[in-house]
file input_0.txt (compact mmCIF, C-alpha atoms and all ligand atoms)
# COMPACT_ATOMS: atom_id res chain seq x y z
CA MET A 1 92.89 94.04 85.25
CA VAL A 2 96.51 93.24 86.08
CA GLN A 3 97.22 89.54 86.74
CA VAL A 4 99.04 88.87 90.01
CA ILE A 5 101.01 85.64 90.44
CA CYS A 6 101.86 83.59 93.51
CA PRO A 7 105.33 84.47 94.81
CA VAL A 8 105.85 80.85 95.89
CA CYS A 9 104.88 78.83 92.81
CA GLY A 10 104.22 81.42 90.06
CA ALA A 11 100.60 80.31 89.42
CA LYS A 12 97.89 82.93 88.94
CA LEU A 13 96.47 84.35 92.15
CA ASN A 14 92.77 84.86 92.54
CA THR A 15 92.57 88.39 93.98
CA GLU A 16 88.82 88.72 94.32
CA ASP A 17 88.48 87.85 98.02
CA ARG A 18 90.06 89.08 101.26
CA THR A 19 92.48 86.19 100.95
CA TRP A 20 94.35 85.80 97.67
CA ARG A 21 94.87 82.16 96.65
CA CYS A 22 96.59 80.19 93.93
CA GLU A 23 95.47 76.77 92.74
CA ALA A 24 98.26 75.11 94.75
CA GLY A 25 96.68 76.46 97.94
CA HIS A 26 99.17 79.21 98.81
CA CYS A 27 97.25 82.07 100.36
CA PHE A 28 97.89 85.70 101.29
CA ASP A 29 95.60 87.86 103.39
CA VAL A 30 94.64 91.40 102.47
CA ALA A 31 95.70 93.45 105.51
CA ARG A 32 93.28 95.76 107.28
CA GLN A 33 94.95 98.75 105.60
CA GLY A 34 94.45 97.14 102.18
CA TYR A 35 97.95 96.02 101.23
CA VAL A 36 99.02 92.41 100.65
CA ASN A 37 102.26 90.87 101.80
CA LEU A 38 103.60 88.80 98.88
CA LEU A 39 107.12 88.46 100.22
CA PRO A 40 107.75 84.85 101.26
CA VAL A 41 110.32 84.39 104.02
CA SER A 42 112.62 82.71 101.47
CA GLN A 43 112.82 86.02 99.54
CA LYS A 44 113.54 88.11 102.63
CA HIS A 45 117.19 88.78 103.29
CA SER A 46 116.60 90.29 106.71
CA LEU A 47 113.87 90.45 109.29
CA ARG A 48 112.59 93.85 108.11
CA PRO A 49 114.06 94.48 104.66
CA GLY A 50 114.03 97.85 102.90
CA ASP A 51 113.47 101.25 104.46
CA THR A 52 112.77 101.39 108.18
CA ARG A 53 109.61 102.84 109.69
CA GLU A 54 111.62 105.90 110.74
CA GLN A 55 112.87 106.49 107.17
CA VAL A 56 109.40 105.95 105.73
CA ALA A 57 107.82 108.41 108.17
CA ALA A 58 110.50 111.02 107.38
CA ARG A 59 109.99 110.56 103.63
CA LYS A 60 106.24 110.88 103.97
CA ALA A 61 106.53 114.11 105.98
CA PHE A 62 109.05 115.58 103.54
CA LEU A 63 107.19 114.62 100.36
CA ASP A 64 103.84 115.77 101.76
CA SER A 65 105.35 119.23 102.28
CA GLY A 66 105.39 119.52 98.46
CA VAL A 67 109.07 120.39 98.02
CA TYR A 68 109.49 117.59 95.47
CA ALA A 69 106.24 118.37 93.62
CA PRO A 70 108.19 119.30 90.44
CA ILE A 71 109.50 115.72 90.35
CA ALA A 72 105.97 114.32 90.66
CA ASP A 73 104.80 116.76 87.95
CA MET A 74 107.43 115.58 85.49
CA LEU A 75 106.69 111.94 86.28
CA ALA A 76 102.98 112.60 85.68
CA GLU A 77 103.72 114.39 82.39
CA LEU A 78 105.92 111.57 81.06
CA THR A 79 103.41 108.95 82.22
CA ALA A 80 100.43 110.76 80.69
CA ALA A 81 102.23 110.86 77.33
CA GLU A 82 102.05 107.05 77.30
CA GLU A 83 98.24 107.07 77.68
CA PRO A 84 98.61 104.08 80.00
CA SER A 85 95.90 101.87 81.41
CA ALA A 86 98.15 100.20 84.02
CA MET A 87 101.28 101.42 85.81
CA LEU A 88 103.63 99.82 88.33
CA ASP A 89 105.85 101.86 90.66
CA VAL A 90 108.74 99.69 91.86
CA GLY A 91 110.28 100.62 95.22
CA CYS A 92 107.20 102.82 95.66
CA GLY A 93 108.02 103.83 99.23
CA GLU A 94 105.05 105.40 100.96
CA GLY A 95 103.24 105.93 97.69
CA TYR A 96 103.66 109.67 97.13
CA TYR A 97 104.61 109.56 93.45
CA LEU A 98 102.06 106.99 92.33
CA THR A 99 99.35 108.94 94.17
CA GLN A 100 100.34 112.17 92.44
CA VAL A 101 100.25 110.46 89.03
CA GLN A 102 96.81 108.99 89.75
CA ASN A 103 95.53 112.39 90.85
CA ARG A 104 96.22 113.54 87.29
CA LEU A 105 95.19 110.29 85.60
CA PRO A 106 92.21 109.10 87.67
CA ARG A 107 91.41 106.15 85.40
CA LEU A 108 94.91 104.70 85.68
CA GLU A 109 95.14 101.26 87.32
CA GLY A 110 98.00 101.86 89.76
CA TRP A 111 100.17 99.24 91.47
CA GLY A 112 103.07 99.83 93.85
CA ILE A 113 105.51 97.34 95.29
CA ASP A 114 108.16 97.78 97.93
CA ILE A 115 110.18 95.36 100.01
CA SER A 116 109.52 97.47 103.13
CA LYS A 117 106.30 96.48 104.85
CA ASP A 118 106.24 99.80 106.71
CA ALA A 119 106.40 101.71 103.42
CA VAL A 120 103.63 99.67 101.84
CA ARG A 121 101.42 100.07 104.89
CA TYR A 122 101.73 103.86 104.72
CA ALA A 123 101.06 103.76 100.97
CA ALA A 124 97.91 101.68 101.38
CA VAL A 125 96.54 104.07 103.99
CA ARG A 126 97.30 107.09 101.80
CA ASN A 127 95.89 105.81 98.53
CA LYS A 128 92.86 103.54 98.19
CA ARG A 129 92.77 103.76 94.39
CA ALA A 130 96.05 101.88 93.93
CA ARG A 131 97.02 98.40 95.09
CA PHE A 132 100.17 98.11 97.17
CA LEU A 133 102.14 94.92 97.72
CA THR A 134 105.11 93.97 99.84
CA ALA A 135 107.30 92.21 97.29
CA THR A 136 110.78 92.14 95.89
CA ALA A 137 111.71 93.90 92.67
CA SER A 138 113.89 90.97 91.70
CA ARG A 139 110.82 88.71 91.46
CA LEU A 140 107.82 90.82 90.65
CA PRO A 141 104.56 89.03 91.51
CA PHE A 142 102.92 89.74 88.15
CA ALA A 143 102.35 87.72 85.00
CA ASP A 144 104.30 88.72 81.89
CA GLY A 145 103.23 91.77 79.88
CA GLN A 146 100.88 93.50 82.33
CA PHE A 147 101.94 97.16 82.46
CA ASP A 148 102.17 100.06 80.01
CA VAL A 149 104.47 102.03 82.33
CA LEU A 150 106.87 100.95 85.06
CA SER A 151 108.58 103.61 87.16
CA SER A 152 111.48 103.38 89.57
CA MET A 153 111.90 106.58 91.58
CA PHE A 154 115.32 106.68 93.24
CA ALA A 155 115.02 102.90 93.53
CA LEU A 156 116.33 99.78 91.81
CA THR A 157 116.75 99.08 88.12
CA LEU A 158 116.40 95.40 87.17
CA PRO A 159 115.99 95.42 83.38
CA GLU A 160 115.18 91.77 82.77
CA GLU A 161 112.39 91.62 85.34
CA PHE A 162 111.05 95.06 84.39
CA SER A 163 110.93 94.10 80.73
CA ARG A 164 109.10 90.86 81.57
CA VAL A 165 106.14 92.58 83.26
CA LEU A 166 105.87 95.39 80.71
CA LYS A 167 103.61 95.07 77.68
CA ASP A 168 105.26 95.10 74.27
CA GLY A 169 106.11 98.71 73.52
CA GLY A 170 105.76 99.60 77.23
CA CYS A 171 108.00 102.11 78.88
CA PHE A 172 110.32 102.16 81.87
CA LEU A 173 110.71 105.56 83.56
CA GLN A 174 113.94 105.61 85.51
CA VAL A 175 114.41 108.53 87.90
CA THR A 176 117.79 109.00 89.58
CA ALA A 177 119.73 111.68 91.44
CA GLY A 178 122.06 113.73 89.22
CA ALA A 179 125.73 114.30 90.14
CA ASP A 180 124.86 117.74 91.58
CA HIS A 181 121.77 116.68 93.52
CA LEU A 182 121.56 118.17 97.05
CA MET A 183 125.04 119.72 97.16
CA GLY A 184 123.81 122.01 99.98
CA LEU A 185 122.94 119.05 102.21
CA LYS A 186 126.24 117.35 101.34
CA SER A 187 128.19 120.44 102.32
CA VAL A 188 126.50 120.38 105.73
CA ILE A 189 127.19 116.73 106.50
CA TYR A 190 130.60 116.14 104.90
CA PRO A 191 133.80 118.10 105.72
CA GLU A 192 134.86 117.80 102.07
CA ILE A 193 132.74 116.98 99.05
CA HIS A 194 134.12 114.80 96.31
CA ARG A 195 131.90 115.46 93.36
CA LYS A 196 131.24 112.18 91.60
CA GLU A 197 130.64 112.57 87.90
CA LYS A 198 128.79 109.34 87.36
CA ALA A 199 129.82 107.36 84.31
CA ALA A 200 127.11 107.83 81.72
CA GLU A 201 126.35 104.11 81.38
CA THR A 202 122.78 104.25 80.27
CA ALA A 203 122.36 101.10 78.17
CA LEU A 204 119.83 98.63 79.59
CA ALA A 205 119.44 95.13 78.19
CA GLY A 206 116.08 94.74 76.48
CA PHE A 207 115.37 98.49 76.30
CA THR A 208 116.13 101.44 74.06
CA LEU A 209 116.80 104.80 75.71
CA GLN A 210 114.36 107.15 74.07
CA GLU A 211 114.64 110.37 76.02
CA GLU A 212 116.66 111.88 78.85
CA ARG A 213 115.63 114.98 80.80
CA MET A 214 117.40 116.73 83.65
CA LEU A 215 115.11 118.53 86.10
CA GLU A 216 116.69 121.15 88.37
CA PHE A 217 115.03 123.37 90.94
CA ASP A 218 115.95 125.32 94.07
CA PHE A 219 114.27 125.02 97.42
CA THR A 220 114.70 126.20 101.00
CA LEU A 221 113.93 124.16 104.09
CA GLU A 222 113.04 125.94 107.33
CA GLY A 223 113.76 124.14 110.60
CA SER A 224 115.99 121.23 111.46
CA ASP A 225 113.10 118.74 111.32
CA ALA A 226 112.76 119.29 107.59
CA VAL A 227 116.54 119.01 107.13
CA MET A 228 116.57 115.72 109.05
CA GLN A 229 113.63 114.39 107.02
CA LEU A 230 115.47 115.14 103.79
CA LEU A 231 118.62 113.53 105.13
CA ALA A 232 116.71 110.37 106.13
CA MET A 233 115.51 109.99 102.53
CA THR A 234 119.00 109.93 101.09
CA PRO A 235 121.67 107.21 100.98
CA HIS A 236 123.87 109.59 103.05
CA TYR A 237 121.74 108.76 106.07
CA LEU A 238 123.20 105.27 106.23
CA ARG A 239 126.84 106.35 106.07
CA ILE A 240 126.81 109.62 107.97
CA THR A 241 129.30 110.21 110.81
CA LYS A 242 128.28 111.33 114.30
CA GLU A 243 129.69 114.80 113.56
CA GLY A 244 127.82 115.02 110.26
CA LEU A 245 124.58 114.04 111.94
CA GLN A 246 125.10 116.66 114.62
CA ARG A 247 125.72 119.38 112.01
CA ALA A 248 122.48 118.39 110.22
CA GLN A 249 120.55 118.48 113.50
CA GLU A 250 121.87 121.99 114.16
CA THR A 251 120.93 123.31 110.71
CA GLN A 252 117.87 125.56 110.99
CA ARG A 253 117.74 126.68 107.36
CA LEU A 254 118.95 124.91 104.23
CA SER A 255 118.93 126.31 100.72
CA ASP A 256 119.58 123.58 98.21
CA ARG A 257 119.15 122.52 94.61
CA ALA A 258 117.59 119.30 93.37
CA GLN A 259 119.01 117.77 90.21
CA VAL A 260 117.07 114.78 89.01
CA CYS A 261 117.54 112.73 85.87
CA PHE A 262 114.55 111.23 84.06
CA ARG A 263 115.17 108.53 81.48
CA VAL A 264 112.47 107.10 79.28
CA TYR A 265 113.29 103.57 78.13
CA ARG A 266 111.17 101.72 75.59
CA LYS A 267 110.88 97.95 75.82
CA ASN A 268 112.42 96.39 72.74
CA GLY A 269 110.18 94.31 70.49
CA THR A 270 110.65 90.56 70.33
CA VAL A 271 113.56 89.67 68.10
CA VAL A 272 112.81 86.77 65.77
C1 LIG A 301 115.36 105.63 98.05
S1 LIG A 301 113.85 104.81 98.43
C2 LIG A 301 112.73 105.55 97.24
C3 LIG A 301 111.29 105.44 97.65
C4 LIG A 301 110.29 106.12 96.70
N1 LIG A 301 110.40 105.62 95.35
C5 LIG A 301 110.50 107.62 96.72
O1 LIG A 301 111.23 108.12 95.85
O2 LIG A 301 109.94 108.28 97.59
C6 LIG A 301 114.11 103.18 97.80
C7 LIG A 301 112.96 102.22 98.10
O3 LIG A 301 113.27 100.94 97.54
C8 LIG A 301 112.85 99.95 98.46
N2 LIG A 301 113.61 98.72 98.15
C9 LIG A 301 114.88 98.41 98.45
N3 LIG A 301 115.21 97.19 97.98
C10 LIG A 301 114.10 96.71 97.34
C11 LIG A 301 113.79 95.48 96.63
N4 LIG A 301 114.69 94.52 96.49
N5 LIG A 301 112.57 95.35 96.10
C12 LIG A 301 111.63 96.32 96.25
N6 LIG A 301 111.86 97.48 96.90
C13 LIG A 301 113.07 97.69 97.44
C14 LIG A 301 113.12 100.54 99.83
O4 LIG A 301 112.36 99.93 100.86
C15 LIG A 301 112.73 102.01 99.59
O5 LIG A 301 111.36 102.25 99.89
ZN ZN A 302 101.25 79.19 94.77
call {"tool": "encode", "arguments": {"input": "input_0.txt", "output": "structure tokens"}}
result
Amino acid sequence: MVQVICPVCGAKLNTEDRTWRCEAGHCFDVARQGYVNLLPVSQKHSLRPGDTREQVAARKAFLDSGVYAPIADMLAELTAAEEPSAMLDVGCGEGYYLTQVQNRLPRLEGWGIDISKDAVRYAAVRNKRARFLTATASRLPFADGQFDVLSSMFALTLPEEFSRVLKDGGCFLQVTAGADHLMGLKSVIYPEIHRKEKAAETALAGFTLQEERMLEFDFTLEGSDAVMQLLAMTPHYLRITKEGLQRAQETQRLSDRAQVCFRVYRKNGTVV
């Protein structure tokens, strides 16, 4: 069983009861939906950090439609190859990917953390087999060396902290958007597209890049609701102009292509 630590003092948390406690007396209630808020006010940088309820609801609706199932399939395949007993999904959102992996690996002990309380609440309702925590990726509330696999799906990469909570020989699965991801959506919302060929800086301190796979697939969305849900999942949503938003709202059909990069990083052994 994975060892959780107190986000305030770092001591082990007893997670057996409906209130999780450390020996210093810090305590955290298990919410009705089953998640636990382990984000102390001192680690919050805003009142409601992370994705908003609106973004989380849009992501849930979009992912539940199955359009991104090929991404979940590849994640499950790469995870299964590790024969893991425990996995952590960082920036887990509303829990779609971890749930899909656990559907294929039912004995996997699954943990998800996200800084957005709304996201974690949705995740906990969706999936009772995993444990979901509101927490920050920059200070993961776990003891050292707990996980065989740590995934970050379109979310943060913090190598030092990720390496700390992974077991020796554990693996970090980093999933990011490729340079040609969602060009169809971009051409709807931007008057001109500047294609950014991202610099291939793949080195991560404490890890060795073992494998890189590019997944590409086409899909078509019917109806502007689906187009708006996709938009709300992307970083474009936060910088879109009024005109761009209007064009997206008026789009009834969108044919697009996903391009997603999977990197498998292996935690380096201790150097003596
Ligand atoms: C682009 S979303 C991806 C969500 C999910 N992995 C998915 O692909 O459906 C990024 C997620 O990271 C979360 N996030 C942002 N900053 C974070 C932090 N410091 N610690 C943990 N999660 C964070 C957001 O709340 C959001 O749910
Ligand atoms: Zn404590």
call {"tool": "residues_near_ligand", "arguments": {"input": "input_0.txt", "ligand": "ligand ZN 302 (chain A)", "cutoff": "7 Å", "atoms": "only C-alpha atoms and all ligand atoms", "output": "list in words"}}
result
Cys6, Pro7, Val8, Cys9, Gly10, Ala11, Cys22, Glu23, Ala24, Gly25 and His26 of chain A
call {"tool": "residues_near_ligand", "arguments": {"input": "input_0.txt", "ligand": "ligand LIG 301 (chain A)", "cutoff": "9 Å", "atoms": "all atoms listed in the file", "output": "count of residues only"}}
result
45
call {"tool": "atom_distance", "arguments": {"input": "input_0.txt", "atom1": "CA of Phe162 (chain A)", "atom2": "CA of Pro84 (chain A)"}}
result
16.0 Å
call {"tool": "residues_around", "arguments": {"input": "input_0.txt", "residues": "Glu250 (chain A)", "least_positions_apart": "5", "cutoff": "12 Å", "atoms": "only C-alpha atoms", "output": "PDB file with C-alpha atoms, keeping the file's coordinate frame"}}
result
ATOM      1  CA  VAL A 188     126.500 120.380 105.730  1.00  0.00           C
ATOM      2  CA  ILE A 189     127.190 116.730 106.500  1.00  0.00           C
ATOM      3  CA  GLU A 222     113.040 125.940 107.330  1.00  0.00           C
ATOM      4  CA  GLY A 223     113.760 124.140 110.600  1.00  0.00           C
ATOM      5  CA  SER A 224     115.990 121.230 111.460  1.00  0.00           C
ATOM      6  CA  ASP A 225     113.100 118.740 111.320  1.00  0.00           C
ATOM      7  CA  ALA A 226     112.760 119.290 107.590  1.00  0.00           C
ATOM      8  CA  VAL A 227     116.540 119.010 107.130  1.00  0.00           C
ATOM      9  CA  MET A 228     116.570 115.720 109.050  1.00  0.00           C
ATOM     10  CA  GLU A 243     129.690 114.800 113.560  1.00  0.00           C
ATOM     11  CA  GLY A 244     127.820 115.020 110.260  1.00  0.00           C
ATOM     12  CA  LEU A 245     124.580 114.040 111.940  1.00  0.00           C
TER      13      LEU A 245
END
call {"tool": "closest_residue", "arguments": {"input": "input_0.txt", "among": "A:Met87, A:Ala258, A:Ala61, A:Leu185", "to": "Phe132 (chain A)", "atoms": "all atoms listed in the file"}}
result
A:Met87
call {"tool": "closest_residue", "arguments": {"input": "input_0.txt", "among": "A:Glu160, A:Asp148, A:Asp168, A:Asp218", "to": "Met183 (chain A)", "atoms": "all atoms listed in the file"}}
result
A:Asp218
call {"tool": "residues_around", "arguments": {"input": "input_0.txt", "residues": "Thr220 (chain A)", "least_positions_apart": "6", "cutoff": "7 Å", "atoms": "all atoms listed in the file", "output": "list in words"}}
result
Leu254, Ser255 and Asp256 of chain A
call {"tool": "closest_residue", "arguments": {"input": "input_0.txt", "among": "A:Asn103, A:Ser85, A:Gln252, A:Thr241", "to": "Leu150 (chain A)", "atoms": "all atoms listed in the file"}}
result
A:Ser85
call {"tool": "residues_around", "arguments": {"input": "input_0.txt", "residues": "Ala81 (chain A)", "least_positions_apart": "5", "cutoff": "12 Å", "atoms": "only C-alpha atoms", "output": "short mmCIF file (atom, residue, chain, number, x, y, z; two decimals) with C-alpha atoms, in the frame of the given file"}}
result
data_model
loop_
_atom_site.label_atom_id
_atom_site.label_comp_id
_atom_site.auth_asym_id
_atom_site.auth_seq_id
_atom_site.Cartn_x
_atom_site.Cartn_y
_atom_site.Cartn_z
CA MET A 74 107.43 115.58 85.49
CA LEU A 75 106.69 111.94 86.28
CA ALA A 76 102.98 112.60 85.68
CA VAL A 101 100.25 110.46 89.03
CA ARG A 104 96.22 113.54 87.29
CA LEU A 105 95.19 110.29 85.60
CA ASP A 148 102.17 100.06 80.01
CA VAL A 149 104.47 102.03 82.33
CA GLY A 170 105.76 99.60 77.23
CA CYS A 171 108.00 102.11 78.88
CA LEU A 173 110.71 105.56 83.56
CA VAL A 264 112.47 107.10 79.28
#
call {"tool": "atom_distance", "arguments": {"input": "input_0.txt", "atom1": "CA of Arg21 (chain A)", "atom2": "CA of Ile5 (chain A)"}}
result
9.4 Å
call {"tool": "atom_distance", "arguments": {"input": "input_0.txt", "atom1": "CA of Cys27 (chain A)", "atom2": "CA of Val2 (chain A)"}}
result
18.1 Å
call {"tool": "closest_residue", "arguments": {"input": "input_0.txt", "among": "A:Gly145, A:Pro40, A:Gly110, A:Pro70", "to": "Gln3 (chain A)", "atoms": "all atoms listed in the file"}}
result
A:Gly145
call {"tool": "closest_residue", "arguments": {"input": "input_0.txt", "among": "A:Ile240, A:Leu166, A:Ala58, A:Leu230", "to": "Phe142 (chain A)", "atoms": "only C-alpha atoms"}}
result
A:Leu166
